[in-house]
file model_19.txt (compact mmCIF, C-alpha atoms)
# COMPACT_ATOMS: atom_id res chain seq x y z
CA MET K 1 15.97 -7.71 12.16
CA LYS K 2 14.84 -4.85 9.96
CA ILE K 3 11.17 -4.16 9.29
CA TYR K 4 9.93 -2.22 6.28
CA MET K 5 6.75 -0.15 6.63
CA SER K 6 5.00 1.15 3.52
CA VAL K 7 2.46 3.70 4.75
CA ASP K 8 -0.53 4.85 2.70
CA MET K 9 -3.35 7.02 4.07
CA GLU K 10 -6.81 5.94 2.85
CA GLY K 11 -6.82 2.96 5.22
CA ALA K 12 -5.90 4.97 8.31
CA THR K 13 -8.06 5.16 11.42
CA GLY K 14 -11.17 7.29 10.87
CA VAL K 15 -10.36 8.35 7.30
CA VAL K 16 -13.44 8.05 5.09
CA ARG K 17 -13.44 10.83 2.48
CA SER K 18 -10.98 11.93 -0.17
CA GLU K 19 -10.81 15.44 1.30
CA GLN K 20 -9.02 13.95 4.29
CA THR K 21 -6.23 12.59 2.06
CA LYS K 22 -5.48 15.66 -0.08
CA ALA K 23 -2.95 18.22 1.11
CA SER K 24 -4.89 21.01 -0.60
CA ARG K 25 -7.91 20.54 1.66
CA ASP K 26 -8.42 21.67 5.25
CA GLU K 27 -9.56 18.16 6.24
CA TYR K 28 -6.12 16.78 5.32
CA ARG K 29 -4.73 17.57 8.77
CA PHE K 30 -6.98 14.87 10.20
CA GLY K 31 -5.87 12.27 7.65
CA GLN K 32 -2.23 13.13 8.20
CA ALA K 33 -2.62 12.85 11.99
CA MET K 34 -4.35 9.48 11.75
CA GLN K 35 -1.76 8.10 9.31
CA THR K 36 0.98 9.03 11.80
CA HIS K 37 -1.10 7.61 14.67
CA ASP K 38 -1.35 4.19 12.99
CA LEU K 39 2.32 4.26 12.02
CA LYS K 40 3.42 4.96 15.60
CA ALA K 41 1.31 2.07 16.85
CA ALA K 42 3.01 -0.26 14.36
CA ILE K 43 6.48 1.05 15.23
CA GLU K 44 5.97 0.54 18.95
CA GLY K 45 4.63 -2.98 18.43
CA ALA K 46 7.43 -3.95 16.07
CA LEU K 47 10.13 -2.69 18.44
CA GLU K 48 8.51 -4.54 21.33
CA GLY K 49 8.43 -7.65 19.15
CA GLY K 50 12.16 -7.59 18.48
CA ALA K 51 12.78 -5.30 15.52
CA ARG K 52 16.18 -3.64 15.68
CA GLU K 53 15.60 -1.26 12.79
CA ILE K 54 12.56 0.10 10.99
CA LEU K 55 12.54 1.72 7.55
CA VAL K 56 9.40 3.75 6.87
CA ASN K 57 8.40 4.64 3.31
CA ASP K 58 5.88 7.49 3.07
CA SER K 59 3.70 6.03 0.31
CA HIS K 60 0.74 8.36 -0.13
CA ASP K 61 0.31 10.84 -2.98
CA GLY K 62 3.33 13.21 -3.00
CA MET K 63 4.90 11.10 -0.24
CA ILE K 64 5.63 14.02 2.12
CA ASN K 65 2.90 13.35 4.66
CA ILE K 66 4.87 11.99 7.62
CA SER K 67 7.11 14.38 9.51
CA PRO K 68 10.51 12.91 10.47
CA ALA K 69 10.20 14.95 13.67
CA ASP K 70 7.33 12.70 14.76
CA LEU K 71 9.71 9.73 14.67
CA SER K 72 12.63 11.27 16.57
CA ARG K 73 11.55 9.70 19.86
CA TYR K 74 12.72 6.28 18.65
CA GLY K 75 16.40 7.18 18.97
CA GLY K 76 17.66 6.48 15.49
CA ARG K 77 16.07 3.05 15.23
CA VAL K 78 13.55 4.42 12.73
CA ARG K 79 14.42 6.03 9.39
CA ILE K 80 12.06 7.43 6.77
CA ILE K 81 12.12 7.64 2.98
CA SER K 82 10.22 10.76 2.01
CA GLY K 83 9.36 12.52 -1.26
CA SER K 84 8.80 11.51 -4.86
CA PRO K 85 9.41 10.32 -7.48
CA LYS K 86 11.00 7.08 -6.29
CA THR K 87 12.08 4.25 -8.57
CA LEU K 88 9.90 1.70 -6.78
CA GLY K 89 7.33 4.16 -5.47
CA MET K 90 5.51 2.66 -2.51
CA MET K 91 8.17 -0.06 -2.20
CA GLU K 92 11.34 2.02 -2.38
CA GLY K 93 14.09 0.53 -0.19
CA VAL K 94 12.34 -2.74 0.64
CA GLU K 95 15.15 -4.93 -0.69
CA CYS K 96 17.33 -4.26 2.38
CA CYS K 97 14.73 -5.46 4.91
CA ASP K 98 13.69 -8.77 6.48
CA GLY K 99 9.90 -8.36 6.57
CA ALA K 100 7.29 -5.87 5.40
CA PHE K 101 4.23 -4.17 6.88
CA PHE K 102 1.62 -2.47 4.68
CA LEU K 103 -0.03 0.21 6.82
CA CYS K 104 -3.17 2.30 6.16
CA TYR K 105 -3.79 0.42 2.91
CA HIS K 106 -7.03 0.34 0.92
CA ALA K 107 -8.76 -2.18 -1.33
CA MET K 108 -8.38 -2.36 -5.10
CA ALA K 109 -10.53 -0.42 -7.56
CA GLY K 110 -14.07 -1.76 -7.82
CA THR K 111 -14.30 -3.33 -4.37
CA GLU K 112 -17.70 -3.13 -2.71
CA ARG K 113 -17.96 -1.62 0.79
CA ALA K 114 -14.37 -0.43 0.61
CA ILE K 115 -13.24 3.00 1.73
CA LEU K 116 -11.75 5.07 -1.11
CA ASP K 117 -11.04 1.98 -3.22
CA HIS K 118 -8.65 2.52 -6.13
CA THR K 119 -5.50 1.08 -7.65
CA ILE K 120 -2.64 3.61 -7.69
CA SER K 121 -4.74 6.29 -9.44
CA GLY K 122 -8.46 6.66 -8.91
CA LYS K 123 -8.80 9.01 -11.86
CA ALA K 124 -7.00 6.70 -14.30
CA VAL K 125 -7.26 3.00 -13.43
CA PHE K 126 -10.32 0.83 -13.92
CA GLY K 127 -8.41 -2.35 -12.99
CA VAL K 128 -5.09 -4.21 -13.12
CA ARG K 129 -4.43 -7.88 -13.82
CA LEU K 130 -1.09 -9.47 -12.99
CA ASN K 131 -0.53 -12.87 -14.57
CA ASP K 132 -4.28 -13.06 -15.23
CA LYS K 133 -5.23 -12.31 -11.62
CA GLU K 134 -6.92 -9.05 -10.61
CA VAL K 135 -4.76 -7.15 -8.14
CA GLY K 136 -4.62 -3.87 -6.28
CA GLU K 137 -1.79 -2.10 -4.55
CA ILE K 138 -1.55 -4.88 -1.98
CA GLY K 139 -0.91 -7.49 -4.67
CA LEU K 140 1.37 -5.30 -6.79
CA ASN K 141 3.51 -4.30 -3.83
CA ALA K 142 3.59 -7.80 -2.36
CA ALA K 143 4.95 -9.04 -5.70
CA VAL K 144 7.99 -6.81 -5.21
CA CYS K 145 8.48 -8.31 -1.75
CA SER K 146 8.15 -11.79 -3.22
CA GLU K 147 10.87 -11.05 -5.77
CA HIS K 148 13.24 -10.39 -2.86
CA SER K 149 11.95 -13.28 -0.70
CA ILE K 150 10.64 -10.78 1.86
CA PRO K 151 7.42 -11.84 3.60
CA VAL K 152 4.54 -9.42 4.01
CA LEU K 153 3.79 -9.87 7.69
CA LEU K 154 1.07 -7.34 8.47
CA VAL K 155 -1.58 -5.33 6.61
CA THR K 156 -3.75 -2.65 8.23
CA GLY K 157 -6.73 -0.82 6.76
CA ASP K 158 -10.47 -1.30 6.44
CA THR K 159 -12.14 -4.70 6.51
CA ALA K 160 -12.17 -4.95 2.70
CA ALA K 161 -8.43 -4.30 2.47
CA CYS K 162 -7.77 -6.94 5.13
CA GLU K 163 -9.90 -9.48 3.26
CA GLU K 164 -8.06 -8.66 0.04
CA ALA K 165 -4.71 -9.17 1.78
CA ARG K 166 -5.67 -12.61 3.04
CA SER K 167 -6.97 -13.57 -0.40
CA ALA K 168 -3.84 -12.36 -2.17
CA LEU K 169 -1.18 -13.38 0.33
CA GLY K 170 -2.68 -16.32 2.17
CA GLN K 171 -4.62 -16.70 5.38
CA GLU K 172 -1.47 -16.62 7.52
CA VAL K 173 -0.83 -12.92 6.97
CA LEU K 174 -1.80 -10.85 10.00
CA THR K 175 -4.34 -8.11 9.40
CA CYS K 176 -5.72 -5.28 11.55
CA SER K 177 -9.05 -3.76 10.56
CA VAL K 178 -9.63 -0.24 11.87
CA LYS K 179 -13.00 0.36 10.17
CA ARG K 180 -15.74 -1.39 8.23
CA GLY K 181 -16.82 0.22 4.99
CA ILE K 182 -20.47 1.09 4.47
CA GLY K 183 -19.82 2.64 1.08
CA HIS K 184 -17.03 4.33 -0.82
CA SER K 185 -16.96 7.32 1.55
CA SER K 186 -18.59 6.10 4.75
CA ALA K 187 -17.58 3.62 7.42
CA ASP K 188 -18.17 2.26 10.87
CA CYS K 189 -14.94 3.41 12.54
CA LEU K 190 -13.19 2.29 15.71
CA PRO K 191 -11.81 5.12 17.91
CA PRO K 192 -8.08 5.90 17.83
CA ASP K 193 -7.34 4.53 21.30
CA ASP K 194 -8.76 1.17 20.24
CA THR K 195 -7.03 1.03 16.88
CA PHE K 196 -3.68 1.99 18.43
CA GLU K 197 -3.80 -1.12 20.61
CA ILE K 198 -5.07 -3.33 17.78
CA ILE K 199 -2.24 -2.25 15.47
CA ARG K 200 0.40 -2.31 18.21
CA LYS K 201 -0.52 -5.87 19.14
CA GLY K 202 -0.63 -6.96 15.49
CA ALA K 203 2.80 -5.45 14.84
CA PHE K 204 4.18 -7.08 17.99
CA GLU K 205 2.95 -10.52 16.91
CA ALA K 206 4.22 -10.05 13.35
CA ALA K 207 7.70 -8.96 14.44
CA LYS K 208 7.90 -11.65 17.12
CA SER K 209 6.96 -14.31 14.58
CA LEU K 210 9.68 -13.17 12.20
CA LYS K 211 12.24 -13.02 14.99
CA TYR K 212 11.62 -16.65 15.89
CA GLY K 213 11.65 -17.95 12.35
CA GLY K 214 7.98 -17.77 11.38
CA THR K 215 8.27 -15.96 8.06
CA GLY K 216 4.74 -16.73 6.90
CA LYS K 217 3.79 -17.42 3.30
CA ASN K 218 3.66 -15.04 0.39
CA GLU K 219 1.55 -16.56 -2.36
CA ILE K 220 2.35 -13.84 -4.90
CA PRO K 221 4.46 -15.25 -7.79
CA ARG K 222 7.86 -13.94 -8.79
CA GLY K 223 9.84 -13.86 -12.02
CA ALA K 224 8.11 -13.46 -15.37
CA PHE K 225 5.03 -11.24 -15.53
CA GLN K 226 2.22 -10.18 -17.79
CA MET K 227 0.39 -7.09 -16.60
CA ASP K 228 -2.79 -5.67 -18.13
CA ILE K 229 -3.78 -2.15 -17.08
CA SER K 230 -7.32 -1.07 -17.93
CA PHE K 231 -7.97 2.67 -17.87
CA HIS K 232 -11.24 4.54 -17.42
CA TYR K 233 -10.96 6.26 -20.80
CA THR K 234 -9.61 5.29 -24.21
CA SER K 235 -7.64 8.55 -24.30
CA GLN K 236 -5.67 7.37 -21.27
CA ALA K 237 -4.94 4.02 -22.89
CA ASP K 238 -3.97 5.85 -26.11
CA SER K 239 -1.28 7.71 -24.19
CA ALA K 240 0.03 4.70 -22.27
CA ALA K 241 0.19 2.63 -25.48
CA THR K 242 2.71 5.05 -27.01
CA ILE K 243 5.40 3.56 -24.80
CA PRO K 244 7.61 1.03 -26.69
CA GLY K 245 7.11 -2.54 -25.52
CA THR K 246 3.42 -2.20 -24.72
CA THR K 247 0.62 -3.99 -26.56
CA ARG K 248 -2.88 -2.57 -26.95
CA ILE K 249 -5.39 -5.25 -25.95
CA ASP K 250 -8.61 -3.28 -26.39
CA GLY K 251 -9.92 0.26 -26.15
CA ARG K 252 -9.11 0.60 -22.47
CA THR K 253 -6.34 -1.91 -21.88
CA VAL K 254 -2.57 -1.88 -22.34
CA ARG K 255 -0.36 -4.94 -21.73
CA ILE K 256 3.30 -5.14 -20.76
CA LYS K 257 5.41 -8.28 -20.30
CA GLY K 258 8.78 -8.75 -18.64
CA ILE K 259 10.87 -10.51 -16.04
CA GLY K 260 11.24 -9.28 -12.48
CA MET K 261 8.62 -7.83 -10.16
CA ASP K 262 10.72 -4.73 -9.50
CA LEU K 263 10.45 -4.00 -13.21
CA MET K 264 6.72 -4.78 -13.12
CA ARG K 265 6.15 -2.25 -10.35
CA ARG K 266 8.12 0.40 -12.21
CA TRP K 267 6.05 -0.23 -15.35
CA ALA K 268 2.83 -0.01 -13.36
CA GLY K 269 3.76 3.33 -11.87
CA SER K 270 5.01 4.77 -15.15
CA LEU K 271 2.12 3.66 -17.36
CA ILE K 272 -0.52 4.74 -14.86
CA SER K 273 1.17 8.09 -14.34
CA LEU K 274 1.31 8.69 -18.11
CA GLY K 275 -2.27 7.57 -18.67
CA GLY K 276 -3.50 9.65 -15.75
CA SER K 277 -1.87 12.81 -17.14
CA VAL K 278 -4.24 12.89 -20.10
CA ALA K 279 -7.13 15.32 -20.12
CA PHE K 280 -10.47 13.79 -21.08
call {"tool": "encode", "arguments": {"input": "model_19.txt", "output": "structure tokens"}}
result
Amino acid sequence: MKIYMSVDMEGATGVVRSEQTKASRDEYRFGQAMQTHDLKAAIEGALEGGAREILVNDSHDGMINISPADLSRYGGRVRIISGSPKTLGMMEGVECCDGAFFLCYHAMAGTERAILDHTISGKAVFGVRLNDKEVGEIGLNAAVCSEHSIPVLLVTGDTAACEEARSALGQEVLTCSVKRGIGHSSADCLPPDDTFEIIRKGAFEAAKSLKYGGTGKNEIPRGAFQMDISFHYTSQADSAATIPGTTRIDGRTVRIKGIGMDLMRRWAGSLISLGGSVAF
């Protein structure tokens, strides 16, 4: 049984401000340490629950936040995909696994009382709709899992991210809340010792369930898709709309259609990256 762990940073224990998630800032060391703290809790729980292998995908920003040296204690049972760009970004390598964990995740752009809410790029994206349903990174990444019939078993982050996961994936998905958002950059946070046990136990239950045949439900559709990406500025949409195959819906919004959620996720990453590169 092989578990996939996509690991972001904004939803990690104690992280509340953007400075803690940017490698250029002194505060980043704290965010990096807490991301690794939550990951280790999930790894230990998953191994206790029956996982034989774990594939970690560093999924935040430049995707070089987690040191492989911090995972050496697990004796080769844990591997890590590090660096960028990756074809599937936050979901690179998922197709070879049996179940997925989304760790340290955050809520979609525009969510109230959510820590550092955004969808892929805070400076570019106003919102994303997939098959006429508003989604964030949880929904976009779960769609890739759905395409490969891989259940999303566990989501960790703030309370808003956990609520979003249950709404998008179904009430059966296990969630672990490590903090409750007060505003965009403030939260009521649990201490690391507490969150380690919460995440470890959640990962144990998720892995144990998969081992004994309880794959859960993934309510994200697969197959054909229509994705509308709304940018903050018309200049960003102008740039994204230069790509062949896109349709301009309005001043802010670009639409792309296709078949296959792997392709959808690649389009999302590419269009948002292009739109976000524009000066405004």
call {"tool": "closest_residue", "arguments": {"input": "model_19.txt", "among": "K:His60, K:Arg265, K:Arg25, K:Arg17", "to": "Glu147 in chain K", "atoms": "all atoms listed in the file"}}
result
K:Arg265
call {"tool": "atom_distance", "arguments": {"input": "model_19.txt", "atom1": "CA of Glu10 in chain K", "atom2": "CA of Met264 in chain K"}}
result
23.5 Å
call {"tool": "atom_distance", "arguments": {"input": "model_19.txt", "atom1": "CA of Glu134 in chain K", "atom2": "CA of Ser239 in chain K"}}
result
22.3 Å
call {"tool": "closest_atom_pairs", "arguments": {"input": "model_19.txt", "of": "range 41-121 of chain K", "to": "range 126-133 of chain K", "cutoff": "8 Å", "atoms": "only C-alpha atoms", "output": "JSON lines"}}
result
{"residue": "K:Met108", "atom": "CA", "partner": "K:Gly127", "partner_atom": "CA", "distance": 7.9}
{"residue": "K:Ala109", "atom": "CA", "partner": "K:Gly127", "partner_atom": "CA", "distance": 6.1}
{"residue": "K:Gly110", "atom": "CA", "partner": "K:Phe126", "partner_atom": "CA", "distance": 7.6}
{"residue": "K:Thr119", "atom": "CA", "partner": "K:Gly127", "partner_atom": "CA", "distance": 7.0}
call {"tool": "write_last_selection", "arguments": {"input": "model_19.txt", "atoms": "C-alpha atoms", "output": "CSV table (one decimal), in the frame of the given file"}}
result
chain,number,residue,atom,x,y,z
K,108,MET,CA,-8.4,-2.4,-5.1
K,109,ALA,CA,-10.5,-0.4,-7.6
K,110,GLY,CA,-14.1,-1.8,-7.8
K,119,THR,CA,-5.5,1.1,-7.6
call {"tool": "atom_distance", "arguments": {"input": "model_19.txt", "atom1": "CA of Leu210 in chain K", "atom2": "CA of Ile3 in chain K"}}
result
9.6 Å
call {"tool": "closest_residue", "arguments": {"input": "model_19.txt", "among": "K:Ser270, K:Gln171, K:Thr195, K:Ser230", "to": "Val135 in chain K", "atoms": "only C-alpha atoms"}}
result
K:Ser230
call {"tool": "closest_residue", "arguments": {"input": "model_19.txt", "among": "K:Leu169, K:Met63, K:Ala207, K:Val78", "to": "Ile138 in chain K", "atoms": "all atoms listed in the file"}}
result
K:Leu169
call {"tool": "residues_near_point", "arguments": {"input": "model_19.txt", "point": "(-9.6, 10.7, 3.8)", "cutoff": "6 Å", "atoms": "all atoms listed in the file", "output": "VMD selection string"}}
result
chain K and resid 10 15 to 21 31
call {"tool": "residues_around", "arguments": {"input": "model_19.txt", "residues": "Thr156 in chain K", "least_positions_apart": "5", "cutoff": "12 Å", "atoms": "all atoms listed in the file", "output": "PyMOL selection string"}}
result
chain K and resi 5-13+35+38-39+41-42+100-107+138+161-166+173-179+195-196+198-203
call {"tool": "closest_residue", "arguments": {"input": "model_19.txt", "among": "K:Ile115, K:Met1, K:Leu274, K:Ile220", "to": "Ser149 in chain K", "atoms": "all atoms listed in the file"}}
result
K:Ile220
call {"tool": "closest_residue", "arguments": {"input": "model_19.txt", "among": "K:Pro192, K:Pro244, K:Gly183, K:Gly139", "to": "Met261 in chain K", "atoms": "only C-alpha atoms"}}
result
K:Gly139
call {"tool": "closest_residue", "arguments": {"input": "model_19.txt", "among": "K:Leu71, K:Ile259, K:Cys97, K:Ala33", "to": "Arg52 in chain K", "atoms": "all atoms listed in the file"}}
result
K:Cys97
call {"tool": "residues_around", "arguments": {"input": "model_19.txt", "residues": "Asp61 in chain K", "least_positions_apart": "5", "cutoff": "12 Å", "atoms": "all atoms listed in the file", "output": "JSON, numbers by chain"}}
result
{"K": [7, 8, 9, 10, 18, 21, 22, 23, 24, 32, 66, 82, 83, 84, 85, 86, 89, 90, 120, 121, 122, 273]}
call {"tool": "residues_near_point", "arguments": {"input": "model_19.txt", "point": "(7.9, -11.7, 20.4)", "cutoff": "9 Å", "atoms": "all atoms listed in the file", "output": "count of residues only"}}
result
13
call {"tool": "residues_around", "arguments": {"input": "model_19.txt", "residues": "Arg252 in chain K", "least_positions_apart": "3", "cutoff": "9 Å", "atoms": "all atoms listed in the file", "output": "PyMOL selection string"}}
result
chain K and resi 126+229-238+248-249
call {"tool": "build_atoms", "arguments": {"input": "model_19.txt", "residues": "range 152-187 of chain K", "atoms": "N, CA and C atoms", "output": "mmCIF file, keeping the file's coordinate frame"}}
result
data_model
loop_
_atom_site.group_PDB
_atom_site.id
_atom_site.type_symbol
_atom_site.label_atom_id
_atom_site.label_comp_id
_atom_site.auth_asym_id
_atom_site.auth_seq_id
_atom_site.Cartn_x
_atom_site.Cartn_y
_atom_site.Cartn_z
ATOM 1 N N VAL K 152 5.430 -10.460 3.519
ATOM 2 C CA VAL K 152 4.540 -9.420 4.010
ATOM 3 C C VAL K 152 3.890 -9.958 5.271
ATOM 4 N N LEU K 153 4.177 -9.332 6.386
ATOM 5 C CA LEU K 153 3.790 -9.870 7.690
ATOM 6 C C LEU K 153 2.495 -9.287 8.234
ATOM 7 N N LEU K 154 2.201 -8.031 7.869
ATOM 8 C CA LEU K 154 1.070 -7.340 8.470
ATOM 9 C C LEU K 154 0.466 -6.360 7.471
ATOM 10 N N VAL K 155 -0.862 -6.315 7.416
ATOM 11 C CA VAL K 155 -1.580 -5.330 6.610
ATOM 12 C C VAL K 155 -2.647 -4.691 7.487
ATOM 13 N N THR K 156 -2.700 -3.359 7.500
ATOM 14 C CA THR K 156 -3.750 -2.650 8.230
ATOM 15 C C THR K 156 -4.569 -1.809 7.262
ATOM 16 N N GLY K 157 -5.840 -1.598 7.601
ATOM 17 C CA GLY K 157 -6.730 -0.820 6.760
ATOM 18 C C GLY K 157 -8.171 -1.117 7.116
ATOM 19 N N ASP K 158 -9.073 -0.940 6.164
ATOM 20 C CA ASP K 158 -10.470 -1.300 6.440
ATOM 21 C C ASP K 158 -10.667 -2.799 6.255
ATOM 22 N N THR K 159 -11.858 -3.262 6.567
ATOM 23 C CA THR K 159 -12.140 -4.700 6.510
ATOM 24 C C THR K 159 -11.933 -5.252 5.102
ATOM 25 N N ALA K 160 -12.328 -4.482 4.083
ATOM 26 C CA ALA K 160 -12.170 -4.950 2.700
ATOM 27 C C ALA K 160 -10.705 -5.117 2.332
ATOM 28 N N ALA K 161 -9.860 -4.193 2.750
ATOM 29 C CA ALA K 161 -8.430 -4.300 2.470
ATOM 30 C C ALA K 161 -7.833 -5.519 3.165
ATOM 31 N N CYS K 162 -8.269 -5.778 4.393
ATOM 32 C CA CYS K 162 -7.770 -6.940 5.130
ATOM 33 C C CYS K 162 -8.193 -8.242 4.459
ATOM 34 N N GLU K 163 -9.429 -8.292 3.978
ATOM 35 C CA GLU K 163 -9.900 -9.480 3.260
ATOM 36 C C GLU K 163 -9.119 -9.670 1.960
ATOM 37 N N GLU K 164 -8.840 -8.586 1.270
ATOM 38 C CA GLU K 164 -8.060 -8.660 0.040
ATOM 39 C C GLU K 164 -6.646 -9.176 0.323
ATOM 40 N N ALA K 165 -6.052 -8.721 1.413
ATOM 41 C CA ALA K 165 -4.710 -9.170 1.780
ATOM 42 C C ALA K 165 -4.667 -10.663 2.031
ATOM 43 N N ARG K 166 -5.651 -11.172 2.753
ATOM 44 C CA ARG K 166 -5.670 -12.610 3.040
ATOM 45 C C ARG K 166 -5.894 -13.419 1.765
ATOM 46 N N SER K 167 -6.721 -12.889 0.869
ATOM 47 C CA SER K 167 -6.970 -13.570 -0.400
ATOM 48 C C SER K 167 -5.726 -13.593 -1.271
ATOM 49 N N ALA K 168 -5.012 -12.474 -1.303
ATOM 50 C CA ALA K 168 -3.840 -12.360 -2.170
ATOM 51 C C ALA K 168 -2.605 -13.031 -1.606
ATOM 52 N N LEU K 169 -2.435 -12.947 -0.285
ATOM 53 C CA LEU K 169 -1.180 -13.380 0.330
ATOM 54 C C LEU K 169 -1.280 -14.696 1.078
ATOM 55 N N GLY K 170 -2.496 -15.114 1.384
ATOM 56 C CA GLY K 170 -2.680 -16.320 2.170
ATOM 57 C C GLY K 170 -3.234 -16.000 3.540
ATOM 58 N N GLN K 171 -3.911 -16.926 4.123
ATOM 59 C CA GLN K 171 -4.620 -16.700 5.380
ATOM 60 C C GLN K 171 -3.680 -16.475 6.564
ATOM 61 N N GLU K 172 -2.392 -16.772 6.402
ATOM 62 C CA GLU K 172 -1.470 -16.620 7.520
ATOM 63 C C GLU K 172 -1.034 -15.177 7.751
ATOM 64 N N VAL K 173 -1.231 -14.307 6.771
ATOM 65 C CA VAL K 173 -0.830 -12.920 6.970
ATOM 66 C C VAL K 173 -1.693 -12.288 8.053
ATOM 67 N N LEU K 174 -1.062 -11.539 8.942
ATOM 68 C CA LEU K 174 -1.800 -10.850 10.000
ATOM 69 C C LEU K 174 -2.429 -9.583 9.445
ATOM 70 N N THR K 175 -3.652 -9.318 9.845
ATOM 71 C CA THR K 175 -4.340 -8.110 9.400
ATOM 72 C C THR K 175 -4.976 -7.409 10.602
ATOM 73 N N CYS K 176 -5.077 -6.084 10.509
ATOM 74 C CA CYS K 176 -5.720 -5.280 11.550
ATOM 75 C C CYS K 176 -6.727 -4.356 10.890
ATOM 76 N N SER K 177 -7.993 -4.607 11.113
ATOM 77 C CA SER K 177 -9.050 -3.760 10.560
ATOM 78 C C SER K 177 -9.373 -2.636 11.532
ATOM 79 N N VAL K 178 -9.347 -1.400 11.022
ATOM 80 C CA VAL K 178 -9.630 -0.240 11.870
ATOM 81 C C VAL K 178 -11.001 0.359 11.589
ATOM 82 N N LYS K 179 -11.678 -0.154 10.532
ATOM 83 C CA LYS K 179 -13.000 0.360 10.170
ATOM 84 C C LYS K 179 -13.658 -0.597 9.205
ATOM 85 N N ARG K 180 -14.967 -0.539 9.156
ATOM 86 C CA ARG K 180 -15.740 -1.390 8.230
ATOM 87 C C ARG K 180 -16.488 -0.478 7.271
ATOM 88 N N GLY K 181 -16.212 -0.641 5.993
ATOM 89 C CA GLY K 181 -16.820 0.220 4.990
ATOM 90 C C GLY K 181 -18.315 0.019 4.871
ATOM 91 N N ILE K 182 -19.040 1.108 4.783
ATOM 92 C CA ILE K 182 -20.470 1.090 4.470
ATOM 93 C C ILE K 182 -20.649 1.371 2.984
ATOM 94 N N GLY K 183 -19.871 2.303 2.498
ATOM 95 C CA GLY K 183 -19.820 2.640 1.080
ATOM 96 C C GLY K 183 -18.451 3.190 0.765
ATOM 97 N N HIS K 184 -18.323 3.801 -0.408
ATOM 98 C CA HIS K 184 -17.030 4.330 -0.820
ATOM 99 C C HIS K 184 -16.502 5.397 0.136
ATOM 100 N N SER K 185 -17.383 6.194 0.710
ATOM 101 C CA SER K 185 -16.960 7.320 1.550
ATOM 102 C C SER K 185 -17.662 7.349 2.890
ATOM 103 N N SER K 186 -17.969 6.178 3.420
ATOM 104 C CA SER K 186 -18.590 6.100 4.750
ATOM 105 C C SER K 186 -18.209 4.785 5.401
ATOM 106 N N ALA K 187 -18.036 4.825 6.719
ATOM 107 C CA ALA K 187 -17.580 3.620 7.420
ATOM 108 C C ALA K 187 -17.990 3.642 8.873
#
